[in-house]
$ cat model.txt   # compact mmCIF, C-alpha atoms
# COMPACT_ATOMS: atom_id res chain seq x y z
CA MET A 1 119.64 113.24 112.26
CA ALA A 2 118.59 115.88 114.77
CA ALA A 3 116.46 114.85 117.70
CA PRO A 4 112.70 115.32 117.28
CA VAL A 5 111.39 118.61 118.54
CA GLN A 6 109.53 118.16 121.82
CA GLN A 7 106.84 120.39 123.25
CA SER A 8 105.71 121.23 126.76
CA GLY A 9 104.14 124.65 127.14
CA PRO A 10 104.45 128.13 125.62
CA GLU A 11 108.19 128.45 126.17
CA ALA A 12 108.84 125.20 124.37
CA GLU A 13 106.59 126.35 121.52
CA HIS A 14 108.66 129.51 121.24
CA ASP A 15 111.83 127.46 121.14
CA GLN A 16 110.43 125.27 118.37
CA ALA A 17 109.91 128.33 116.17
CA GLN A 18 113.67 128.78 116.07
CA PRO A 19 115.76 127.06 113.41
CA THR A 20 117.22 123.78 114.67
CA GLY A 21 120.26 122.38 112.89
CA ASP A 22 119.45 122.15 109.23
CA ILE A 23 115.78 123.14 109.67
CA PRO A 24 115.29 126.79 108.61
CA ALA A 25 113.21 129.17 110.69
CA TYR A 26 110.16 129.16 108.42
CA ALA A 27 109.85 125.37 108.62
CA ALA A 28 110.34 125.34 112.39
CA ALA A 29 107.70 128.04 112.73
CA PHE A 30 105.31 126.07 110.54
CA VAL A 31 105.66 122.94 112.67
CA ALA A 32 105.25 125.00 115.83
CA ALA A 33 102.05 126.44 114.38
CA LEU A 34 100.77 122.94 113.63
CA ARG A 35 101.36 122.00 117.26
CA THR A 36 99.62 125.11 118.51
CA ALA A 37 96.63 124.19 116.36
CA GLY A 38 96.65 120.60 117.61
CA VAL A 39 97.38 119.01 114.25
CA SER A 40 98.29 115.35 114.61
CA LEU A 41 98.31 114.21 110.97
CA VAL A 42 99.75 115.74 107.81
CA GLY A 43 99.27 114.23 104.39
CA THR A 44 101.55 115.32 101.61
CA LEU A 45 103.01 114.83 98.21
CA PRO A 46 106.30 116.63 98.82
CA GLU A 47 107.67 119.37 96.58
CA SER A 48 110.60 121.74 96.70
CA LEU A 49 109.19 125.05 97.98
CA LEU A 50 108.36 123.58 101.38
CA LYS A 51 110.98 120.85 101.41
CA SER A 52 112.27 121.62 104.91
CA VAL A 53 108.73 121.48 106.28
CA TYR A 54 108.49 117.81 105.34
CA VAL A 55 111.81 117.05 107.02
CA ALA A 56 110.73 118.92 110.15
CA ILE A 57 107.38 117.13 110.34
CA ASP A 58 109.03 113.78 109.72
CA ARG A 59 111.21 114.41 112.76
CA ALA A 60 108.29 115.46 114.94
CA GLU A 61 107.20 112.44 116.95
CA ASP A 62 103.82 113.94 117.77
CA ILE A 63 102.74 114.67 114.16
CA ARG A 64 102.31 111.78 111.73
CA LEU A 65 103.43 112.45 108.17
CA VAL A 66 101.72 110.35 105.51
CA ARG A 67 103.21 110.50 102.04
CA VAL A 68 101.03 109.78 99.05
CA SER A 69 101.83 109.19 95.41
CA ASN A 70 99.03 111.35 94.04
CA GLU A 71 97.29 114.35 95.56
CA GLN A 72 93.90 112.74 94.97
CA ASP A 73 94.54 110.60 98.08
CA LEU A 74 94.76 113.62 100.36
CA PRO A 75 91.10 114.74 100.65
CA GLY A 76 90.11 111.22 101.67
CA LEU A 77 92.92 110.97 104.20
CA LEU A 78 91.89 114.27 105.76
CA ALA A 79 88.20 113.40 105.66
CA GLY A 80 88.81 110.15 107.51
CA ALA A 81 90.88 111.91 110.15
CA TYR A 82 88.20 114.58 110.58
CA LEU A 83 85.47 112.00 110.98
CA GLY A 84 87.62 110.39 113.65
CA GLY A 85 87.90 113.66 115.54
CA LYS A 86 91.47 114.62 114.66
CA ARG A 87 92.89 117.77 113.12
CA ALA A 88 94.76 116.99 109.92
CA LEU A 89 95.93 119.05 106.99
CA MET A 90 97.41 118.43 103.57
CA ILE A 91 100.43 120.10 102.02
CA THR A 92 101.21 120.13 98.30
CA GLU A 93 102.45 122.42 95.60
CA ASN A 94 99.58 124.49 94.17
CA SER A 95 99.65 122.17 91.16
CA GLY A 96 98.34 119.45 93.47
CA LEU A 97 95.00 121.23 93.70
CA ARG A 98 94.30 120.20 90.14
CA GLN A 99 94.94 116.55 90.88
CA ALA A 100 92.75 116.72 93.98
CA CYS A 101 89.77 118.37 92.27
CA GLU A 102 87.68 115.24 91.89
CA PRO A 103 87.81 114.11 95.54
CA ILE A 104 87.46 117.72 96.70
CA THR A 105 84.26 117.93 94.67
CA ARG A 106 82.75 114.50 95.13
CA LEU A 107 83.95 113.80 98.64
CA ALA A 108 84.42 117.10 100.47
CA PHE A 109 81.61 118.97 98.74
CA ALA A 110 79.11 116.13 98.44
CA HIS A 111 79.40 115.35 102.16
CA GLN A 112 80.35 118.89 103.26
CA ILE A 113 83.55 117.81 104.94
CA PRO A 114 86.03 120.47 106.04
CA LEU A 115 89.54 120.21 104.65
CA VAL A 116 92.48 122.43 105.52
CA MET A 117 94.72 122.57 102.48
CA VAL A 118 98.15 124.20 102.47
CA VAL A 119 99.81 124.80 99.11
CA SER A 120 103.05 126.43 98.10
CA TYR A 121 102.66 129.36 95.73
CA ARG A 122 104.60 128.07 92.74
CA GLY A 123 104.60 130.82 90.11
CA ASP A 124 104.32 133.76 92.51
CA PHE A 125 105.83 137.06 91.37
CA GLY A 126 109.53 136.48 90.73
CA GLU A 127 109.16 132.82 89.76
CA PRO A 128 112.33 131.88 87.88
CA ASN A 129 111.09 128.61 86.39
CA TRP A 130 109.16 128.82 83.13
CA TRP A 131 107.14 125.71 84.01
CA GLY A 132 105.98 127.20 87.30
CA HIS A 133 104.02 130.12 85.90
CA ASN A 134 101.05 128.10 84.72
CA HIS A 135 100.55 126.84 88.26
CA ALA A 136 99.97 130.40 89.46
CA GLN A 137 97.81 131.36 86.49
CA VAL A 138 95.42 128.52 87.22
CA MET A 139 95.49 128.50 91.03
CA GLY A 140 93.34 131.54 91.84
CA PRO A 141 90.68 130.94 89.19
CA LEU A 142 90.53 127.27 90.19
CA LEU A 143 90.04 128.03 93.90
CA ASP A 144 87.40 130.62 92.97
CA ALA A 145 85.64 128.14 90.70
CA LEU A 146 85.67 125.60 93.52
CA ARG A 147 84.32 128.29 95.89
CA ILE A 148 87.11 127.53 98.33
CA PRO A 149 88.09 130.46 100.56
CA TYR A 150 91.83 131.05 100.56
CA ARG A 151 94.46 133.34 102.02
CA VAL A 152 97.96 134.07 100.75
CA VAL A 153 100.39 133.92 103.67
CA ASP A 154 103.81 135.49 103.21
CA ARG A 155 104.93 136.24 106.78
CA VAL A 156 106.17 133.66 109.25
CA ASP A 157 104.63 135.54 112.17
CA GLN A 158 101.19 134.99 110.61
CA LEU A 159 101.42 131.20 110.58
CA ASP A 160 100.10 130.53 114.09
CA THR A 161 97.04 132.68 113.55
CA VAL A 162 96.11 131.66 110.02
CA ILE A 163 96.45 127.93 110.64
CA GLU A 164 94.19 128.09 113.68
CA LYS A 165 91.73 130.29 111.79
CA ALA A 166 91.78 127.89 108.86
CA PHE A 167 90.60 125.05 111.11
CA VAL A 168 87.94 127.20 112.75
CA HIS A 169 86.67 128.45 109.38
CA ALA A 170 86.63 124.99 107.81
CA ASP A 171 84.85 123.39 110.75
CA ALA A 172 82.24 126.12 111.12
CA SER A 173 81.50 126.19 107.39
CA GLN A 174 81.91 122.44 106.87
CA TRP A 175 83.80 123.30 103.72
CA PRO A 176 87.44 123.25 102.58
CA VAL A 177 89.78 126.22 103.01
CA CYS A 178 93.20 126.81 101.52
CA LEU A 179 96.34 128.61 102.70
CA VAL A 180 98.79 129.62 99.97
CA LEU A 181 102.33 129.96 101.32
CA THR A 182 104.88 132.29 99.77
CA GLY A 183 107.36 135.02 100.81
CA GLU A 184 109.01 134.22 104.12
CA CYS A 185 106.97 131.01 104.43
CA ILE A 186 108.70 129.02 101.69
CA GLU A 187 112.18 127.71 101.05
CA GLY A 188 114.62 130.48 100.24
CA GLY A 189 112.04 133.19 100.85
CA LEU A 190 110.80 133.91 97.31
CA SER A 191 109.36 137.40 97.40
CA MET B 192 79.52 84.07 95.97
CA ARG B 193 77.33 87.13 95.43
CA ARG B 194 77.86 90.68 96.60
CA VAL B 195 75.10 90.35 99.16
CA ASP B 196 76.80 87.22 100.54
CA VAL B 197 79.97 89.20 101.19
CA ALA B 198 77.93 91.90 102.92
CA ARG B 199 76.19 89.33 105.08
CA VAL B 200 79.39 87.51 106.07
CA LEU B 201 81.19 90.77 106.81
CA GLY B 202 78.22 91.93 108.89
CA GLU B 203 78.29 88.66 110.83
CA GLU B 204 82.04 88.78 111.46
CA THR B 205 82.14 92.40 112.65
CA THR B 206 80.52 94.12 115.61
CA THR B 207 78.90 97.37 116.65
CA GLU B 208 82.32 98.45 117.92
CA ASP B 209 83.71 98.57 114.37
CA LEU B 210 83.63 101.41 111.85
CA PHE B 211 83.27 101.13 108.09
CA VAL B 212 83.95 103.20 105.00
CA SER B 213 82.16 101.91 101.93
CA SER B 214 82.04 102.57 98.25
CA ILE B 215 78.92 103.57 96.35
CA GLY B 216 77.10 101.40 93.84
CA GLY B 217 75.53 98.01 94.33
CA ILE B 218 77.09 97.44 97.72
CA LEU B 219 75.19 100.34 99.32
CA ASP B 220 71.88 98.65 100.02
CA ASP B 221 73.42 95.20 100.55
CA TRP B 222 75.65 96.57 103.30
CA TRP B 223 72.94 98.87 104.69
CA ASN B 224 70.86 95.78 105.37
CA HIS B 225 73.67 93.70 106.83
CA ARG B 226 75.77 96.20 108.78
CA PRO B 227 76.17 95.12 112.41
CA GLY B 228 73.61 96.51 114.81
CA GLY B 229 71.84 98.68 112.26
CA GLU B 230 74.03 101.54 113.48
CA ASP B 231 75.23 104.64 111.62
CA ASN B 232 78.63 103.03 111.58
CA THR B 233 79.35 103.38 107.87
CA MET B 234 80.56 106.36 105.91
CA SER B 235 79.58 105.64 102.30
CA VAL B 236 81.65 108.04 100.27
CA SER B 237 80.12 109.31 97.06
CA ILE B 238 83.20 108.82 94.93
CA LEU B 239 85.19 106.01 93.43
CA GLY B 240 88.86 106.10 94.39
CA SER B 241 88.66 107.61 97.88
CA VAL B 242 87.33 104.73 99.99
CA SER B 243 90.69 103.37 101.16
CA SER B 244 92.22 106.83 101.71
CA THR B 245 89.25 107.84 103.87
CA ALA B 246 89.47 104.57 105.78
CA LEU B 247 93.21 105.13 106.25
CA GLY B 248 92.62 108.57 107.77
CA LEU B 249 89.95 107.13 110.07
CA ALA B 250 92.17 104.21 111.09
CA ILE B 251 95.05 106.55 111.92
CA ALA B 252 92.73 108.86 113.87
CA LEU B 253 91.30 105.99 115.93
CA PRO B 254 94.13 103.45 116.21
CA HIS B 255 92.35 101.46 118.94
CA ARG B 256 89.30 100.77 116.75
CA ARG B 257 88.87 98.29 113.90
CA VAL B 258 88.15 99.99 110.59
CA VAL B 259 87.00 98.16 107.46
CA ALA B 260 87.19 99.66 103.98
CA ILE B 261 84.52 98.13 101.75
CA GLU B 262 86.01 98.67 98.32
CA THR B 263 85.03 97.65 94.81
CA ASP B 264 87.17 96.82 91.80
CA GLY B 265 85.98 99.97 90.04
CA SER B 266 86.89 102.17 93.00
CA MET B 267 90.23 100.47 93.60
CA LEU B 268 91.22 100.70 89.94
CA MET B 269 90.35 104.39 89.91
CA ASN B 270 93.25 105.08 92.25
CA LEU B 271 95.77 102.28 92.59
CA GLY B 272 98.33 104.66 94.07
CA VAL B 273 96.59 104.50 97.43
CA LEU B 274 97.82 100.93 97.75
CA CYS B 275 101.38 102.25 97.95
CA THR B 276 100.35 104.54 100.80
CA LEU B 277 98.60 101.67 102.57
CA GLY B 278 101.67 99.54 102.01
CA ALA B 279 103.87 102.21 103.54
CA GLU B 280 101.66 103.05 106.53
CA ARG B 281 100.30 99.54 107.20
CA PRO B 282 97.72 100.61 109.80
CA PRO B 283 97.24 97.51 111.99
CA ASN B 284 93.56 98.24 112.64
CA LEU B 285 92.54 98.47 108.97
CA THR B 286 91.17 95.70 106.79
CA VAL B 287 90.36 96.36 103.15
CA VAL B 288 87.73 94.16 101.51
CA VAL B 289 87.43 94.57 97.75
CA LEU B 290 84.30 93.28 96.05
CA ASP B 291 85.53 92.34 92.60
CA ASN B 292 83.02 91.33 89.95
CA GLY B 293 85.07 92.61 87.03
CA LEU B 294 82.23 94.92 86.08
CA TYR B 295 80.93 98.43 86.39
CA GLU B 296 77.63 96.76 87.09
CA CYS B 297 75.59 99.82 88.10
CA ILE B 298 76.16 101.58 84.81
CA GLY B 299 75.30 98.66 82.56
CA SER B 300 77.94 96.03 83.35
CA ALA B 301 80.80 97.33 81.24
CA PRO B 302 83.90 95.31 82.14
CA THR B 303 86.56 96.64 84.51
CA LEU B 304 90.20 95.80 83.93
CA THR B 305 90.14 93.05 86.56
CA SER B 306 88.12 91.15 83.97
CA ARG B 307 91.24 91.19 81.80
CA ASN B 308 94.71 90.78 83.28
CA ALA B 309 94.78 93.03 86.36
CA ASP B 310 95.09 91.17 89.67
CA LEU B 311 94.36 93.36 92.69
CA GLU B 312 95.88 90.92 95.17
CA GLN B 313 99.19 90.94 93.32
CA ILE B 314 99.12 94.71 92.85
CA ALA B 315 98.48 95.22 96.57
CA THR B 316 101.23 92.76 97.48
CA GLY B 317 103.65 94.58 95.23
CA ALA B 318 102.65 97.88 96.82
CA GLY B 319 103.66 96.61 100.24
CA CYS B 320 100.27 95.72 101.67
CA LEU B 321 100.13 92.81 104.10
CA ASN B 322 98.02 89.66 104.20
CA CYS B 323 96.78 90.03 100.63
CA VAL B 324 94.48 87.23 99.60
CA THR B 325 91.83 86.45 97.00
CA VAL B 326 88.77 84.43 97.96
CA HIS B 327 86.00 82.95 95.83
CA ASP B 328 83.99 81.16 98.45
CA GLU B 329 81.82 82.35 101.34
CA GLU B 330 83.25 80.03 103.97
CA ILE B 331 86.84 80.84 103.02
CA LEU B 332 85.93 84.52 103.19
CA ARG B 333 84.58 84.00 106.70
CA GLU B 334 87.80 82.26 107.81
CA VAL B 335 89.97 84.96 106.27
CA LEU B 336 87.96 87.76 107.88
CA ARG B 337 88.09 86.10 111.30
CA SER B 338 91.85 85.96 110.98
CA GLN B 339 92.48 89.36 109.45
CA LEU B 340 90.13 91.41 111.59
CA ASP B 341 91.88 90.29 114.75
CA ASP B 342 95.50 89.90 113.66
CA ASP B 343 96.57 93.48 114.46
CA GLU B 344 97.98 93.88 110.96
CA LEU B 345 96.78 95.51 107.78
CA GLY B 346 94.61 93.11 105.79
CA PHE B 347 93.65 93.09 102.13
CA VAL B 348 90.96 90.71 100.90
CA VAL B 349 89.80 90.50 97.31
CA ALA B 350 86.39 88.84 97.26
CA LYS B 351 85.61 87.60 93.77
CA ILE B 352 81.86 87.82 93.29
CA GLU B 353 79.41 86.83 90.63
CA PRO B 354 77.53 89.46 88.66
CA GLY B 355 74.05 90.21 89.85
CA MET B 356 72.48 92.80 92.10
CA GLN B 357 70.18 92.07 94.98
CA VAL B 358 66.84 93.82 94.50
CA TRP B 359 65.74 95.38 97.77
CA PRO B 360 62.18 96.54 98.45
CA ALA B 361 61.71 100.27 98.90
CA GLU B 362 61.62 100.07 102.71
CA LYS B 363 65.03 98.34 102.73
CA LYS B 364 66.77 100.87 100.52
CA ARG B 365 68.93 103.69 101.77
CA TYR B 366 67.62 107.16 100.96
CA THR B 367 69.89 109.47 102.96
CA ASP B 368 72.06 112.01 101.18
CA GLY B 369 75.78 112.55 101.65
CA VAL B 370 75.47 115.35 104.19
CA GLU B 371 73.00 113.47 106.40
CA ASP B 372 75.26 110.41 106.15
CA LYS B 373 78.19 112.47 107.38
CA TYR B 374 76.39 113.91 110.39
CA ARG B 375 74.93 110.55 111.36
CA PHE B 376 78.36 108.96 111.11
CA ILE B 377 79.93 111.78 113.14
CA ARG B 378 77.32 111.46 115.90
CA HIS B 379 77.87 107.71 115.96
CA VAL B 380 81.64 108.18 116.34
CA GLU B 381 81.02 110.76 119.08
CA ARG B 382 78.84 108.30 121.02
CA LEU B 383 81.23 105.43 120.44
CA GLU B 384 84.37 107.35 121.37
CA GLY B 385 82.95 109.81 123.90
CA ILE B 386 84.42 112.72 121.94
CA VAL B 387 83.17 115.78 120.11
CA VAL B 388 83.97 115.74 116.40
CA HIS B 389 81.90 118.73 115.38
CA ALA B 390 79.95 121.18 117.49
CA SER B 391 78.13 123.97 115.70
CA SER B 392 78.29 127.49 117.07
CA PRO B 393 75.19 128.72 118.97
CA HIS B 394 72.49 130.50 116.98
CA VAL B 395 72.64 133.56 119.21

$ encode --input "model.txt" --output "structure tokens"
Amino acid sequence: MAAPVQQSGPEAEHDQAQPTGDIPAYAAAFVAALRTAGVSLVGTLPESLLKSVYVAIDRAEDIRLVRVSNEQDLPGLLAGAYLGGKRALMITENSGLRQACEPITRLAFAHQIPLVMVVSYRGDFGEPNWWGHNHAQVMGPLLDALRIPYRVVDRVDQLDTVIEKAFVHADASQWPVCLVLTGECIEGGLS
Amino acid sequence: MRRVDVARVLGEETTTEDLFVSSIGGILDDWWNHRPGGEDNTMSVSILGSVSSTALGLAIALPHRRVVAIETDGSMLMNLGVLCTLGAERPPNLTVVVLDNGLYECIGSAPTLTSRNADLEQIATGAGCLNCVTVHDEEILREVLRSQLDDDELGFVVAKIEPGMQVWPAEKKRYTDGVEDKYRFIRHVERLEGIVVHASSPHV
């Protein structure tokens, strides 16, 4: 297994955005963006479109990766970390939003707790799997119904900026936000 | 052992240095009146099934501080998968206390599945949680808490309680809403830790 990526200053951050060993560039850039934003905890139910991201975070000694068995655990995990003063985010396939609806509504909304949610855009234009299309059909209307602001991110060079902005937006509004990753920002670069 | 007895013993065995995440329902006012120091040290989440996950996030965020999840059988049963996450992460500063009366008492005492064959201690043990134990008696509960709160390992205590809700007078009941609870908890954590959790932007 490759050594964990270490960080000490802007040059090191630049280095971390490069692919290392079996970690593709998009995943390395994502982890570098997490570090830039000061994220210390990531909760996830892994899926395939961001599979290298989970490997990269698992190797990062300064970011704790907590795996759950159901996405409904993730809003609570993030809420607890936020209340303890730490930046945390959750990563799932967009289908995970549906599982997490109840704690998003009754935990994050009822207490107005900011959550930064990152989902992969399963079912985006060009989706080859028949079972993936329903995920996309439901995702936008669901986020709109939940009144959760979201941005679709398809360029790796946007990651640093949008992740930082997501935390600023969530904290200022005391409300969840969602980043939907596709294009260059997912495994294999679906576009 | 009644629910209010568990609240009282837990309040006596913890300190103003500890943080708590509690379930809703009958435990709210019992704990509100027995929490150590009368501080805003408890985040009472308005949902069943997210108490332990919230406590886990808090325990990871503040690894030097003891965190207690005050669960109920109804909340735990809503989301048993979190036990697998607790069993994998095993945060040493977290103790989970489940008040188990086998009932959804607040909504008319319909039975929960712990009143049938489900055993939360065994489920938690199988999920990889440490120090899982079931207690029926107040003094045993006190002994177990003294051990588990200070053992630097994840703890999981199922407190079997009798049905019956303590009736609190109006001045002893908790009337805050979920948003006020959050801000009060945040400000308490900020004072306790000497950190800033949330600072609003200036008005102008």

$ closest_residue --input "model.txt" --among "B:Ser235, B:Thr206, B:Ser241, B:Ser338" --to "chain A" --atoms "only C-alpha atoms"
B:Ser241

$ residues_near_point --input "model.txt" --point "(109.5, 127.9, 107.8)" --cutoff "10 Å" --atoms "only C-alpha atoms" --output "ChimeraX atom specification"
/A:17-19,23-32,50-53,56,155-156,159,181,184-189

$ closest_atom_pairs --input "model.txt" --of "chain B" --to "chain A" --cutoff "6 Å" --atoms "only C-alpha atoms" --output "Markdown table"
| residue | atom | partner | partner_atom | distance |
| --- | --- | --- | --- | --- |
| B:Ile238 | CA | A:Arg106 | CA | 5.7 |
| B:Ser241 | CA | A:Gly76 | CA | 5.4 |
| B:Ser244 | CA | A:Gly76 | CA | 4.9 |
| B:Thr245 | CA | A:Gly76 | CA | 4.1 |
| B:Ala246 | CA | A:Gly80 | CA | 5.9 |
| B:Gly248 | CA | A:Gly80 | CA | 4.1 |
| B:Leu249 | CA | A:Gly80 | CA | 4.1 |
| B:Ala252 | CA | A:Ala81 | CA | 5.2 |
| B:Gly272 | CA | A:Ser69 | CA | 5.9 |
| B:Thr276 | CA | A:Val68 | CA | 5.6 |
| B:Gly369 | CA | A:His111 | CA | 4.6 |
| B:Val370 | CA | A:His111 | CA | 4.4 |
| B:Ile377 | CA | A:Leu83 | CA | 6.0 |
| B:Val388 | CA | A:Gly85 | CA | 4.5 |

$ residues_around --input "model.txt" --residues "segment 118-128 of chain A" --least-positions-apart "2" --cutoff "10 Å" --atoms "all atoms listed in the file" --output "VMD selection string"
chain A and resid 44 47 to 50 89 to 97 115 to 116 130 to 139 150 to 154 163 166 177 to 183 185 to 187 190 to 191

$ closest_residue --input "model.txt" --among "B:Ala301, B:Ala361, B:Val259, B:Ala250" --to "Leu201 of chain B" --atoms "all atoms listed in the file"
B:Val259

$ atom_distance --input "model.txt" --atom1 "atom CA of Thr205 of chain B" --atom2 "atom CA of Leu340 of chain B"
8.1 Å

$ residues_around --input "model.txt" --residues "Leu268 of chain B" --least-positions-apart "5" --cutoff "10 Å" --atoms "only C-alpha atoms" --output "PyMOL selection string"
chain B and resi 239-240+263+273+303-305+309+311

$ residues_around --input "model.txt" --residues "segment 278-282 of chain B" --least-positions-apart "2" --cutoff "7 Å" --atoms "only C-alpha atoms" --output "ChimeraX atom specification"
/B:250-251,274-276,284-285,318-320,344-345

$ atom_distance --input "model.txt" --atom1 "atom CA of Tyr366 of chain B" --atom2 "atom CA of His394 of chain B"
28.7 Å

$ atom_distance --input "model.txt" --atom1 "atom CA of Gly265 of chain B" --atom2 "atom CA of Ile352 of chain B"
13.2 Å

$ closest_residue --input "model.txt" --among "B:Asp264, B:Asp368, B:Glu384, B:Glu330" --to "Val349 of chain B" --atoms "all atoms listed in the file"
B:Asp264

$ closest_residue --input "model.txt" --among "B:Glu262, B:Asp221, B:Thr207, B:Pro302" --to "Trp359 of chain B" --atoms "only C-alpha atoms"
B:Asp221

$ closest_residue --input "model.txt" --among "B:Pro360, B:Pro354, B:Gly299, B:Gly217" --to "Ala198 of chain B" --atoms "all atoms listed in the file"
B:Gly217

$ decode --input "model.txt" --residues "segment 129-151 of chain A" --atoms "N, CA and C atoms" --output "compact mmCIF listing (two decimals), in the first residue's frame"
# COMPACT_ATOMS: atom_id res chain seq x y z
N ASN A 129 -25.81 2.29 -17.29
CA ASN A 129 -26.55 1.28 -16.51
C ASN A 129 -28.03 1.64 -16.41
N TRP A 130 -28.88 0.71 -16.79
CA TRP A 130 -30.32 1.00 -16.77
C TRP A 130 -30.81 1.36 -15.37
N TRP A 131 -30.20 0.72 -14.35
CA TRP A 131 -30.67 0.94 -12.98
C TRP A 131 -30.22 2.28 -12.41
N GLY A 132 -29.29 2.93 -13.11
CA GLY A 132 -28.78 4.20 -12.59
C GLY A 132 -29.62 5.41 -12.95
N HIS A 133 -30.49 5.26 -13.97
CA HIS A 133 -31.20 6.44 -14.46
C HIS A 133 -32.22 6.99 -13.47
N ASN A 134 -32.84 6.10 -12.71
CA ASN A 134 -33.83 6.58 -11.74
C ASN A 134 -33.18 7.45 -10.66
N HIS A 135 -31.91 7.14 -10.36
CA HIS A 135 -31.22 7.96 -9.35
C HIS A 135 -31.17 9.41 -9.80
N ALA A 136 -30.86 9.63 -11.09
CA ALA A 136 -30.76 10.99 -11.59
C ALA A 136 -32.14 11.65 -11.70
N GLN A 137 -33.13 10.86 -12.11
CA GLN A 137 -34.47 11.43 -12.27
C GLN A 137 -35.01 11.98 -10.95
N VAL A 138 -34.64 11.31 -9.86
CA VAL A 138 -35.19 11.69 -8.55
C VAL A 138 -34.32 12.75 -7.86
N MET A 139 -33.01 12.76 -8.15
CA MET A 139 -32.08 13.56 -7.37
C MET A 139 -32.43 15.05 -7.34
N GLY A 140 -32.57 15.66 -8.50
CA GLY A 140 -32.84 17.10 -8.54
C GLY A 140 -34.15 17.47 -7.87
N PRO A 141 -35.25 16.81 -8.26
CA PRO A 141 -36.52 17.12 -7.59
C PRO A 141 -36.47 16.89 -6.08
N LEU A 142 -35.72 15.87 -5.66
CA LEU A 142 -35.64 15.60 -4.22
C LEU A 142 -34.89 16.73 -3.50
N LEU A 143 -33.76 17.13 -4.05
CA LEU A 143 -32.99 18.23 -3.43
C LEU A 143 -33.81 19.52 -3.43
N ASP A 144 -34.55 19.76 -4.51
CA ASP A 144 -35.42 20.95 -4.55
C ASP A 144 -36.52 20.85 -3.50
N ALA A 145 -37.11 19.66 -3.39
CA ALA A 145 -38.18 19.49 -2.39
C ALA A 145 -37.64 19.69 -0.98
N LEU A 146 -36.40 19.26 -0.76
CA LEU A 146 -35.78 19.43 0.56
C LEU A 146 -35.27 20.85 0.76
N ARG A 147 -35.30 21.66 -0.28
CA ARG A 147 -34.80 23.05 -0.23
C ARG A 147 -33.32 23.08 0.14
N ILE A 148 -32.59 22.12 -0.43
CA ILE A 148 -31.15 22.05 -0.20
C ILE A 148 -30.43 22.63 -1.42
N PRO A 149 -29.67 23.71 -1.24
CA PRO A 149 -28.91 24.25 -2.37
C PRO A 149 -27.87 23.23 -2.84
N TYR A 150 -27.71 23.13 -4.16
CA TYR A 150 -26.71 22.19 -4.66
C TYR A 150 -26.03 22.72 -5.92
N ARG A 151 -24.84 22.23 -6.16
CA ARG A 151 -24.08 22.57 -7.35
C ARG A 151 -23.57 21.29 -7.98
